[in-house]
file input_16.csv (CSV, C-alpha atoms)
chain,number,residue,atom,x,y,z
A,1,MET,CA,80.0,-50.1,62.6
A,2,THR,CA,77.8,-49.9,59.6
A,3,SER,CA,74.4,-48.3,60.1
A,4,SER,CA,71.5,-50.5,59.5
A,5,ASN,CA,69.9,-48.0,57.1
A,6,THR,CA,73.0,-47.7,54.9
A,7,PRO,CA,71.9,-48.4,51.3
A,8,THR,CA,73.2,-51.6,49.6
A,9,THR,CA,75.6,-50.9,46.7
A,10,HIS,CA,75.1,-53.0,43.6
A,11,HIS,CA,78.1,-53.5,41.3
A,12,GLY,CA,78.2,-54.2,37.5
A,13,PRO,CA,76.1,-52.7,34.7
A,14,ALA,CA,72.3,-52.5,35.2
A,15,ALA,CA,70.1,-54.5,32.9
A,16,PRO,CA,68.8,-52.2,30.1
A,17,THR,CA,65.2,-51.2,30.5
A,18,GLY,CA,62.7,-51.1,27.6
A,19,SER,CA,63.3,-47.3,27.1
A,20,ASP,CA,67.1,-47.9,27.0
A,21,GLU,CA,66.7,-50.6,24.4
A,22,GLU,CA,64.5,-48.3,22.3
A,23,ARG,CA,67.1,-45.5,22.6
A,24,LEU,CA,69.9,-47.9,21.5
A,25,ARG,CA,67.8,-49.1,18.6
A,26,ARG,CA,67.2,-45.6,17.4
A,27,TRP,CA,70.9,-44.7,17.7
A,28,ARG,CA,71.8,-47.8,15.8
A,29,LEU,CA,69.5,-46.7,12.9
A,30,VAL,CA,71.0,-43.2,13.0
A,31,LEU,CA,74.7,-44.3,13.1
A,32,GLY,CA,74.6,-47.2,10.7
A,33,GLY,CA,77.6,-49.5,10.7
A,34,ASP,CA,77.2,-52.6,12.8
A,35,GLY,CA,76.4,-53.0,16.5
A,36,GLY,CA,80.1,-53.3,17.4
A,37,SER,CA,81.6,-50.5,15.4
A,38,ASP,CA,79.0,-47.9,16.2
A,39,GLY,CA,79.3,-48.5,20.0
A,40,THR,CA,75.6,-49.3,20.6
A,41,GLY,CA,76.1,-53.1,20.9
A,42,CYS,CA,72.7,-53.3,19.2
A,43,SER,CA,71.9,-55.6,16.3
A,44,LEU,CA,68.9,-55.2,14.0
A,45,SER,CA,66.5,-57.7,12.5
A,46,GLY,CA,63.2,-57.8,10.6
A,47,ASP,CA,61.8,-54.4,9.5
A,48,ASP,CA,64.5,-52.6,11.4
A,49,ALA,CA,67.2,-54.3,9.3
A,50,ARG,CA,65.4,-53.5,6.1
A,51,MET,CA,65.0,-49.8,7.1
A,52,ASP,CA,68.7,-49.7,7.9
A,53,ALA,CA,69.5,-51.2,4.5
A,54,ALA,CA,67.4,-48.6,2.7
A,55,LEU,CA,69.2,-45.8,4.7
A,56,GLU,CA,72.6,-47.4,3.9
A,57,LYS,CA,72.0,-47.4,0.2
A,58,LEU,CA,71.3,-43.7,0.2
A,59,TYR,CA,73.6,-42.3,2.8
A,60,GLY,CA,76.3,-44.9,2.8
A,61,ALA,CA,78.9,-45.6,5.5
A,62,ARG,CA,82.1,-43.7,6.1
A,63,PRO,CA,85.2,-45.6,7.0
A,64,GLY,CA,85.1,-46.2,10.7
A,65,GLY,CA,81.3,-46.3,10.8
A,66,GLY,CA,78.5,-43.8,10.7
A,67,ARG,CA,76.5,-42.3,8.0
A,68,GLY,CA,78.1,-40.3,5.3
A,69,ARG,CA,77.9,-36.5,5.5
A,70,SER,CA,75.9,-34.4,3.1
A,71,GLY,CA,77.5,-34.4,-0.3
A,72,GLU,CA,79.5,-37.7,0.3
A,73,ARG,CA,78.6,-40.6,-2.0
A,74,GLY,CA,77.7,-43.8,-0.3
A,75,ALA,CA,77.2,-47.3,-1.4
A,76,GLY,CA,74.6,-46.1,-4.0
A,77,LEU,CA,71.5,-47.7,-5.4
A,78,GLY,CA,73.1,-49.3,-8.4
A,79,ASN,CA,72.8,-48.3,-12.0
A,80,SER,CA,69.6,-50.2,-12.9
A,81,ALA,CA,66.2,-48.7,-12.8
A,82,PRO,CA,64.7,-51.9,-11.3
A,83,SER,CA,67.0,-51.8,-8.3
A,84,VAL,CA,66.1,-48.1,-7.7
A,85,ALA,CA,62.4,-48.9,-8.1
A,86,ARG,CA,62.7,-51.6,-5.5
A,87,TRP,CA,64.5,-49.1,-3.2
A,88,LEU,CA,61.7,-46.6,-3.7
A,89,GLY,CA,59.2,-49.2,-2.8
A,90,ASP,CA,61.1,-50.1,0.4
A,91,ILE,CA,61.3,-46.6,1.7
A,92,ARG,CA,57.6,-46.0,1.0
A,93,ALA,CA,56.9,-49.2,3.0
A,94,TYR,CA,59.0,-48.3,6.0
A,95,PHE,CA,58.9,-44.5,6.4
A,96,PRO,CA,56.2,-41.9,6.6
A,97,SER,CA,55.4,-39.8,3.5
A,98,THR,CA,57.2,-36.7,4.8
A,99,VAL,CA,60.4,-38.7,5.3
A,100,VAL,CA,60.1,-40.4,1.9
A,101,GLN,CA,59.9,-37.0,0.2
A,102,VAL,CA,63.1,-36.0,2.0
A,103,MET,CA,64.9,-39.2,1.0
A,104,GLN,CA,63.8,-38.9,-2.6
A,105,LYS,CA,65.1,-35.4,-2.8
A,106,ASP,CA,68.4,-36.4,-1.2
A,107,ALA,CA,68.7,-39.4,-3.7
A,108,ILE,CA,68.1,-37.1,-6.7
A,109,GLU,CA,70.8,-34.7,-5.4
A,110,ARG,CA,73.4,-37.2,-4.0
A,111,LEU,CA,73.1,-40.2,-6.4
A,112,ASP,CA,72.3,-38.4,-9.7
A,113,LEU,CA,68.9,-40.1,-10.2
A,114,THR,CA,67.7,-37.5,-12.6
A,115,ARG,CA,68.5,-39.7,-15.6
A,116,LEU,CA,66.4,-42.6,-14.1
A,117,LEU,CA,63.4,-40.3,-13.6
A,118,LEU,CA,63.1,-40.3,-17.4
A,119,GLU,CA,61.8,-43.9,-17.1
A,120,PRO,CA,58.0,-44.3,-16.7
A,121,GLU,CA,58.4,-47.2,-14.3
A,122,MET,CA,60.5,-44.9,-12.0
A,123,LEU,CA,57.9,-42.2,-12.0
A,124,GLU,CA,55.2,-44.6,-11.0
A,125,ALA,CA,57.3,-45.7,-8.0
A,126,VAL,CA,58.0,-42.3,-6.5
A,127,GLU,CA,56.1,-40.4,-3.9
A,128,PRO,CA,54.8,-37.2,-5.6
A,129,ASP,CA,55.7,-33.9,-4.0
A,130,VAL,CA,56.6,-30.3,-4.8
A,131,HIS,CA,60.3,-31.0,-5.1
A,132,LEU,CA,59.8,-33.9,-7.5
A,133,VAL,CA,57.5,-31.7,-9.6
A,134,GLY,CA,60.3,-29.1,-9.7
A,135,THR,CA,62.8,-31.7,-10.9
A,136,LEU,CA,60.4,-33.0,-13.6
A,137,LEU,CA,59.7,-29.5,-14.8
A,138,SER,CA,63.5,-28.9,-15.2
A,139,LEU,CA,63.6,-32.1,-17.3
A,140,ASN,CA,60.5,-31.1,-19.3
A,141,ARG,CA,62.5,-30.5,-22.6
A,142,VAL,CA,64.2,-33.8,-22.5
A,143,LEU,CA,61.4,-36.1,-21.3
A,144,PRO,CA,60.8,-38.9,-23.9
A,145,ASP,CA,57.3,-39.4,-25.0
A,146,LYS,CA,56.9,-42.6,-23.0
A,147,ALA,CA,57.8,-40.8,-19.8
A,148,ARG,CA,55.9,-37.6,-20.5
A,149,GLU,CA,52.4,-38.9,-19.6
A,150,SER,CA,53.8,-40.5,-16.4
A,151,ALA,CA,55.4,-37.2,-15.5
A,152,ARG,CA,52.2,-35.3,-16.2
A,153,ALA,CA,50.2,-37.7,-13.9
A,154,VAL,CA,52.7,-37.0,-11.1
A,155,VAL,CA,52.4,-33.2,-11.6
A,156,ARG,CA,48.6,-33.4,-11.7
A,157,LYS,CA,48.4,-35.4,-8.5
A,158,VAL,CA,50.6,-32.8,-6.7
A,159,VAL,CA,48.6,-29.9,-8.1
A,160,GLU,CA,45.3,-31.4,-7.1
A,161,ASP,CA,46.6,-32.0,-3.6
A,162,LEU,CA,47.7,-28.4,-3.3
A,163,GLU,CA,44.4,-27.1,-4.7
A,164,ARG,CA,42.5,-29.1,-2.1
A,165,ARG,CA,44.7,-27.7,0.6
A,166,LEU,CA,44.9,-24.1,-0.4
A,167,ALA,CA,42.1,-23.1,-2.8
A,168,GLN,CA,39.2,-22.7,-0.3
A,169,ARG,CA,41.3,-20.7,2.1
A,170,THR,CA,42.5,-18.4,-0.7
A,171,ARG,CA,39.0,-17.7,-2.0
A,172,SER,CA,37.7,-17.1,1.5
A,173,ALA,CA,40.5,-14.8,2.6
A,174,VAL,CA,40.7,-12.8,-0.6
A,175,GLY,CA,37.0,-12.8,-1.2
A,176,GLY,CA,36.3,-11.5,2.3
A,177,ALA,CA,38.9,-8.7,1.8
A,178,LEU,CA,37.3,-7.7,-1.5
A,179,ASP,CA,33.8,-7.6,0.2
A,180,ARG,CA,35.2,-5.4,2.9
A,181,SER,CA,36.9,-3.1,0.4
A,182,ALA,CA,33.7,-2.9,-1.6
A,183,ARG,CA,31.4,-1.7,1.2
A,184,THR,CA,30.2,1.8,1.0
A,185,LEU,CA,28.7,4.1,3.7
A,186,ARG,CA,26.5,5.7,1.0
A,187,PRO,CA,24.3,3.0,-0.5
A,188,ARG,CA,22.1,4.5,-3.2
A,189,ARG,CA,19.1,2.2,-2.9
A,190,PRO,CA,17.7,-0.2,-0.3
A,191,SER,CA,18.9,-3.3,-2.2
A,192,GLU,CA,22.5,-2.1,-1.7
A,193,VAL,CA,22.1,-1.9,2.1
A,194,ASP,CA,23.8,-4.7,4.1
A,195,TRP,CA,21.1,-4.8,6.8
A,196,ASN,CA,22.8,-7.2,9.1
A,197,ARG,CA,25.9,-5.1,9.4
A,198,THR,CA,23.9,-1.9,9.5
A,199,ILE,CA,21.9,-3.1,12.5
A,200,ARG,CA,25.0,-4.3,14.3
A,201,ALA,CA,26.7,-1.0,13.7
A,202,ASN,CA,23.7,0.9,15.2
A,203,LEU,CA,22.7,-1.2,18.1
A,204,ARG,CA,23.4,1.7,20.6
A,205,ASN,CA,20.6,3.6,18.9
A,206,TYR,CA,18.0,1.0,19.8
A,207,LEU,CA,14.7,2.5,21.0
A,208,PRO,CA,12.9,0.1,23.4
A,209,GLU,CA,9.6,1.9,23.3
A,210,HIS,CA,9.5,1.6,19.6
A,211,ARG,CA,11.3,-1.7,19.4
A,212,THR,CA,13.4,-0.5,16.6
A,213,VAL,CA,16.9,0.7,15.7
A,214,VAL,CA,17.5,4.2,14.3
A,215,PRO,CA,20.4,3.9,11.9
A,216,GLU,CA,22.8,6.8,12.0
A,217,ARG,CA,24.9,5.3,9.2
A,218,LEU,CA,24.2,2.7,6.5
A,219,ILE,CA,26.6,0.1,5.4
A,220,GLY,CA,26.2,-1.1,1.8
A,221,TYR,CA,27.4,-3.9,-0.3
A,222,GLY,CA,28.7,-1.5,-3.0
A,223,ARG,CA,29.5,-3.1,-6.4
A,224,ARG,CA,31.4,-6.2,-5.3
A,225,GLN,CA,29.6,-8.6,-7.6
A,226,GLN,CA,29.3,-6.2,-10.6
A,227,ALA,CA,32.9,-5.4,-11.4
A,228,VAL,CA,36.5,-6.5,-11.2
A,229,ARG,CA,37.8,-5.1,-8.0
A,230,ARG,CA,41.6,-5.7,-8.4
A,231,ASP,CA,44.1,-6.6,-11.0
A,232,VAL,CA,46.7,-9.1,-9.8
A,233,ILE,CA,50.0,-9.6,-11.7
A,234,LEU,CA,52.2,-12.6,-10.6
A,235,ALA,CA,55.7,-12.3,-12.0
A,236,VAL,CA,57.6,-15.5,-11.3
A,237,ASP,CA,61.4,-16.0,-11.6
A,238,GLN,CA,61.8,-19.5,-13.1
A,239,SER,CA,65.6,-19.8,-12.5
A,240,GLY,CA,66.5,-23.2,-11.1
A,241,SER,CA,66.6,-22.2,-7.5
A,242,MET,CA,63.0,-21.1,-7.6
A,243,ALA,CA,61.4,-24.5,-8.6
A,244,ALA,CA,59.1,-24.9,-5.6
A,245,SER,CA,58.0,-21.2,-5.9
A,246,VAL,CA,57.1,-21.8,-9.5
A,247,VAL,CA,54.9,-24.7,-8.6
A,248,TYR,CA,53.1,-22.9,-5.8
A,249,ALA,CA,52.7,-19.7,-7.9
A,250,GLY,CA,51.1,-21.7,-10.7
A,251,VAL,CA,48.5,-23.2,-8.3
A,252,PHE,CA,47.7,-19.9,-6.6
A,253,GLY,CA,47.5,-18.2,-10.0
A,254,ALA,CA,44.9,-20.7,-11.1
A,255,VAL,CA,42.9,-20.2,-7.9
A,256,LEU,CA,43.0,-16.4,-8.1
A,257,ALA,CA,42.0,-16.5,-11.8
A,258,SER,CA,38.9,-18.4,-10.9
A,259,MET,CA,37.6,-15.4,-8.9
A,260,ARG,CA,35.5,-13.1,-11.0
A,261,THR,CA,36.3,-10.1,-8.9
A,262,LEU,CA,40.0,-10.4,-9.8
A,263,ARG,CA,41.7,-10.0,-13.2
A,264,THR,CA,44.8,-12.3,-12.8
A,265,SER,CA,47.9,-12.4,-15.0
A,266,LEU,CA,50.8,-14.8,-14.6
A,267,VAL,CA,54.2,-14.1,-16.2
A,268,VAL,CA,57.3,-16.3,-15.9
A,269,PHE,CA,60.8,-15.2,-16.7
A,270,ASP,CA,64.5,-16.0,-16.9
A,271,THR,CA,66.3,-14.0,-19.5
A,272,ASN,CA,63.1,-14.2,-21.6
A,273,VAL,CA,59.6,-13.3,-20.5
A,274,VAL,CA,56.6,-15.6,-21.2
A,275,ASP,CA,53.0,-14.7,-20.4
A,276,LEU,CA,51.1,-17.8,-19.3
A,277,THR,CA,47.8,-16.0,-18.4
A,278,ASP,CA,45.9,-18.0,-21.0
A,279,GLN,CA,47.0,-21.2,-19.3
A,280,LEU,CA,45.6,-20.3,-15.9
A,281,HIS,CA,42.5,-22.5,-16.4
A,282,ASP,CA,44.8,-25.6,-16.4
A,283,PRO,CA,47.7,-25.3,-13.9
A,284,VAL,CA,49.3,-28.6,-15.0
A,285,GLU,CA,49.5,-27.3,-18.6
A,286,LEU,CA,50.8,-24.0,-17.2
A,287,LEU,CA,53.6,-25.6,-15.2
A,288,PHE,CA,54.7,-27.6,-18.3
A,289,GLY,CA,54.9,-24.2,-20.0
A,290,THR,CA,57.6,-23.1,-17.7
A,291,GLN,CA,61.3,-23.8,-18.3
A,292,LEU,CA,63.3,-23.9,-15.1
A,293,GLY,CA,67.0,-22.9,-15.2
A,294,GLY,CA,69.0,-20.3,-17.1
A,295,GLY,CA,69.8,-16.7,-16.2
A,296,THR,CA,67.6,-14.0,-14.8
A,297,ASP,CA,66.5,-10.6,-16.2
A,298,ILE,CA,64.2,-9.1,-13.7
A,299,ASN,CA,64.2,-5.7,-15.3
A,300,ARG,CA,62.9,-7.1,-18.5
A,301,ALA,CA,60.1,-8.9,-16.7
A,302,VAL,CA,59.1,-5.8,-14.7
A,303,ALA,CA,59.1,-3.8,-18.0
A,304,TYR,CA,56.6,-6.3,-19.5
A,305,CYS,CA,54.4,-6.2,-16.4
A,306,GLN,CA,54.3,-2.4,-16.6
A,307,GLY,CA,52.6,-2.8,-19.9
A,308,LEU,CA,49.8,-4.9,-18.2
A,309,VAL,CA,48.9,-2.1,-15.8
A,310,THR,CA,45.8,-0.2,-16.8
A,311,ARG,CA,44.4,0.7,-13.3
A,312,PRO,CA,47.4,1.4,-11.1
A,313,ALA,CA,45.4,2.2,-7.9
A,314,ASP,CA,43.6,-1.2,-8.2
A,315,THR,CA,46.7,-3.3,-9.2
A,316,ILE,CA,48.7,-5.6,-7.0
A,317,MET,CA,52.0,-6.9,-8.5
A,318,VAL,CA,53.7,-9.8,-6.8
A,319,LEU,CA,57.2,-10.3,-7.9
A,320,ILE,CA,58.5,-13.8,-6.8
A,321,SER,CA,62.3,-13.8,-7.1
A,322,ASP,CA,65.5,-14.2,-5.2
A,323,LEU,CA,66.5,-10.8,-6.7
A,324,TYR,CA,69.8,-12.0,-8.3
A,325,GLU,CA,69.6,-9.6,-11.2
A,326,GLY,CA,71.3,-10.4,-14.5
A,327,GLY,CA,69.8,-7.5,-16.3
A,328,VAL,CA,70.2,-3.7,-15.7
A,329,ARG,CA,69.8,-3.1,-11.9
A,330,ALA,CA,69.4,0.7,-12.1
A,331,GLU,CA,66.6,0.3,-14.7
A,332,LEU,CA,64.9,-2.3,-12.5
A,333,LEU,CA,64.8,0.0,-9.5
A,334,LYS,CA,63.6,2.9,-11.6
A,335,ARG,CA,60.7,0.8,-13.0
A,336,VAL,CA,59.6,-0.4,-9.6
A,337,ALA,CA,59.8,3.2,-8.3
A,338,ALA,CA,57.6,4.3,-11.2
A,339,LEU,CA,55.0,1.6,-10.5
A,340,THR,CA,54.7,2.5,-6.8
A,341,THR,CA,54.5,6.2,-7.6
A,342,ALA,CA,51.6,5.5,-10.0
A,343,GLY,CA,49.8,3.7,-7.2
A,344,VAL,CA,50.6,0.0,-7.9
A,345,GLN,CA,51.0,-2.0,-4.8
A,346,VAL,CA,54.2,-4.0,-5.3
A,347,VAL,CA,55.4,-6.8,-3.0
A,348,VAL,CA,58.5,-9.0,-3.5
A,349,LEU,CA,58.4,-12.6,-2.3
A,350,LEU,CA,62.0,-14.0,-2.0
A,351,ALA,CA,60.4,-17.4,-2.0
A,352,LEU,CA,56.9,-18.9,-2.0
A,353,SER,CA,57.6,-22.3,-0.4
A,354,ASP,CA,58.0,-24.2,2.8
A,355,GLU,CA,61.8,-24.3,2.6
A,356,GLY,CA,62.6,-21.4,5.0
A,357,ALA,CA,64.7,-18.4,4.4
A,358,PRO,CA,66.2,-18.5,0.9
A,359,ALA,CA,69.5,-17.1,-0.4
A,360,TYR,CA,68.8,-13.8,-2.1
A,361,ASP,CA,70.4,-10.5,-3.1
A,362,HIS,CA,70.5,-8.4,0.0
A,363,ASP,CA,71.5,-5.2,-1.7
A,364,ASN,CA,68.5,-5.3,-4.1
A,365,ALA,CA,66.2,-6.2,-1.2
A,366,ALA,CA,67.5,-3.3,0.8
A,367,ALA,CA,67.1,-0.9,-2.2
A,368,LEU,CA,63.5,-2.0,-2.7
A,369,ALA,CA,62.7,-1.6,1.0
A,370,ALA,CA,64.1,1.9,0.9
A,371,MET,CA,61.4,2.8,-1.6
A,372,GLY,CA,58.6,1.2,0.4
A,373,VAL,CA,58.5,-2.2,-1.3
A,374,PRO,CA,58.6,-5.0,1.2
A,375,ALA,CA,60.7,-8.1,0.4
A,376,PHE,CA,60.3,-11.3,2.4
A,377,ALA,CA,59.8,-15.1,2.1
A,378,CYS,CA,56.3,-16.4,2.4
A,379,THR,CA,54.9,-19.9,3.0
A,380,PRO,CA,52.1,-21.2,0.9
A,381,ASP,CA,49.8,-21.3,4.0
A,382,ALA,CA,50.4,-17.6,4.7
A,383,PHE,CA,49.9,-16.5,1.0
A,384,PRO,CA,46.1,-16.2,1.2
A,385,ASP,CA,46.3,-13.8,4.1
A,386,LEU,CA,49.0,-11.9,2.4
A,387,MET,CA,46.8,-11.3,-0.6
A,388,ALA,CA,43.9,-10.3,1.7
A,389,ALA,CA,46.2,-7.7,3.3
A,390,ALA,CA,47.2,-6.4,-0.1
A,391,VAL,CA,43.6,-6.1,-1.2
A,392,GLU,CA,42.9,-4.0,1.9
A,393,ARG,CA,46.1,-2.0,1.4
A,394,ARG,CA,47.4,-2.7,4.8
A,395,ASP,CA,51.1,-2.2,5.7
A,396,LEU,CA,52.6,-5.4,4.3
A,397,LYS,CA,55.9,-4.9,6.1
A,398,GLU,CA,54.1,-4.7,9.4
A,399,TRP,CA,51.9,-7.7,8.3
A,400,ALA,CA,55.0,-9.8,7.5
A,401,GLU,CA,56.8,-8.9,10.8
A,402,ARG,CA,53.7,-9.9,12.7
A,403,THR,CA,52.7,-13.0,10.7
A,404,LEU,CA,55.9,-14.5,9.4
call {"tool": "encode", "arguments": {"input": "input_16.csv", "output": "structure tokens"}}
result
Amino acid sequence: MTSSNTPTTHHGPAAPTGSDEERLRRWRLVLGGDGGSDGTGCSLSGDDARMDAALEKLYGARPGGGRGRSGERGAGLGNSAPSVARWLGDIRAYFPSTVVQVMQKDAIERLDLTRLLLEPEMLEAVEPDVHLVGTLLSLNRVLPDKARESARAVVRKVVEDLERRLAQRTRSAVGGALDRSARTLRPRRPSEVDWNRTIRANLRNYLPEHRTVVPERLIGYGRRQQAVRRDVILAVDQSGSMAASVVYAGVFGAVLASMRTLRTSLVVFDTNVVDLTDQLHDPVELLFGTQLGGGTDINRAVAYCQGLVTRPADTIMVLISDLYEGGVRAELLKRVAALTTAGVQVVVLLALSDEGAPAYDHDNAAALAAMGVPAFACTPDAFPDLMAAAVERRDLKEWAERTL
């Protein structure tokens, strides 16, 4: 006998719910192919079909269905600039800006679009971003005149966006650190006393009967507005793998150079060394003064930077490099040791970008760490706080472990 409360069994596949249909639609977009071969049984129409077509042109389809793996060439975008321009317009219409930037980067790498970027109409169709700027800078020497102004406009837009995002935070963090380092406990005259901080520091000495605070110690402003407090030297490796770091370093260099309490120098290098300090007032012009690619002679660059040091105890040198040395390694380590012994605060950034942990020379990084020079990758958002920590001479290795 069957119990009256035995559940009824339903046979056959259940009708897909709205969430199931959405999941199948997403899988169909990921897998490519057609609804039968990819196993989803889902067909696309309208904007979904156009999104799929844009993905297919870039990532292609492998035999048997599915997107091509990284490095595999797909159907391609065709050889004509107009067809690529239309494709760029499509991806900007159907995908968010962050996805568009990834797809553009993949298209440049997978489908050899570098040549087409020399056309002004192409540059007007792309979504400006740091990676695109890096590619344009690497093409700087071969850009025809008709494309140069379009390229400059792309670079200027990215630089202005980065300055809006990073400049105020940098000035605030570094300026605050300079103020703190400039305070003195022995102000010489009343005008040098920071009364707000002095009162807060002496509140326990408040005398109610006299309604006053008796200060045991005075906190002064020091000379923070009268003198350059720190010399900053940015030495930037401009080998091809450091493209994003070069862009960010150029922007930060311009921001730091705008602060009167800093004396900022910017040096770029490959096997040659170029001092671009006189271009810091115009970061776009500065970036076009770089030449991405070529070998690397870090020792030669550090030797040049040694000659810029006039106040070792007040100098911060930031070497931005993956540490793959093509010069004399022993001389490089000897020079860095001499700088730190003299009192220069040296920090090595293996990358200044949002791209995560870079490839770098582990032996050179370990040798520098052994002499007390920290080496780590830093994101642009963390760089202002790094510079503030350097100004205050905090332990940068500890700062990096805690912050990054």
call {"tool": "atom_distance", "arguments": {"input": "input_16.csv", "atom1": "CA of Ala107 in chain A", "atom2": "CA of Leu166 in chain A"}}
result
28.5 Å
call {"tool": "residues_around", "arguments": {"input": "input_16.csv", "residues": "Gln104 in chain A", "least_positions_apart": "4", "cutoff": "10 Å", "atoms": "only C-alpha atoms", "output": "list in words"}}
result
Leu58, Leu88, Ile91, Val99, Val100, Ile108, Glu109, Arg110, Leu113, Val126, Glu127, Pro128, Asp129, His131 and Leu132 of chain A
call {"tool": "closest_residue", "arguments": {"input": "input_16.csv", "among": "A:Glu163, A:Glu401, A:Asp275, A:Asp237", "to": "Cys305 in chain A", "atoms": "all atoms listed in the file"}}
result
A:Asp275
call {"tool": "atom_distance", "arguments": {"input": "input_16.csv", "atom1": "CA of Glu325 in chain A", "atom2": "CA of Gly356 in chain A"}}
result
21.2 Å
call {"tool": "residues_around", "arguments": {"input": "input_16.csv", "residues": "Asp385 in chain A", "least_positions_apart": "3", "cutoff": "8 Å", "atoms": "only C-alpha atoms", "output": "PyMOL selection string"}}
result
chain A and resi 170+173-174+382+388-389
call {"tool": "closest_residue", "arguments": {"input": "input_16.csv", "among": "A:Asp52, A:Tyr59, A:Gly289, A:Ser265", "to": "Leu111 in chain A", "atoms": "all atoms listed in the file"}}
result
A:Tyr59
call {"tool": "residues_around", "arguments": {"input": "input_16.csv", "residues": "Met317 in chain A", "least_positions_apart": "4", "cutoff": "12 Å", "atoms": "all atoms listed in the file", "output": "ChimeraX atom specification"}}
result
/A:230-236,263-267,301-302,304-306,308-309,311-313,336,339-340,343-349,373-374,387,390-391
call {"tool": "atom_distance", "arguments": {"input": "input_16.csv", "atom1": "CA of Ala366 in chain A", "atom2": "CA of Phe252 in chain A"}}
result
26.9 Å
call {"tool": "closest_residue", "arguments": {"input": "input_16.csv", "among": "A:Val247, A:Ala338, A:Met259, A:Ala49", "to": "Asp354 in chain A", "atoms": "all atoms listed in the file"}}
result
A:Val247
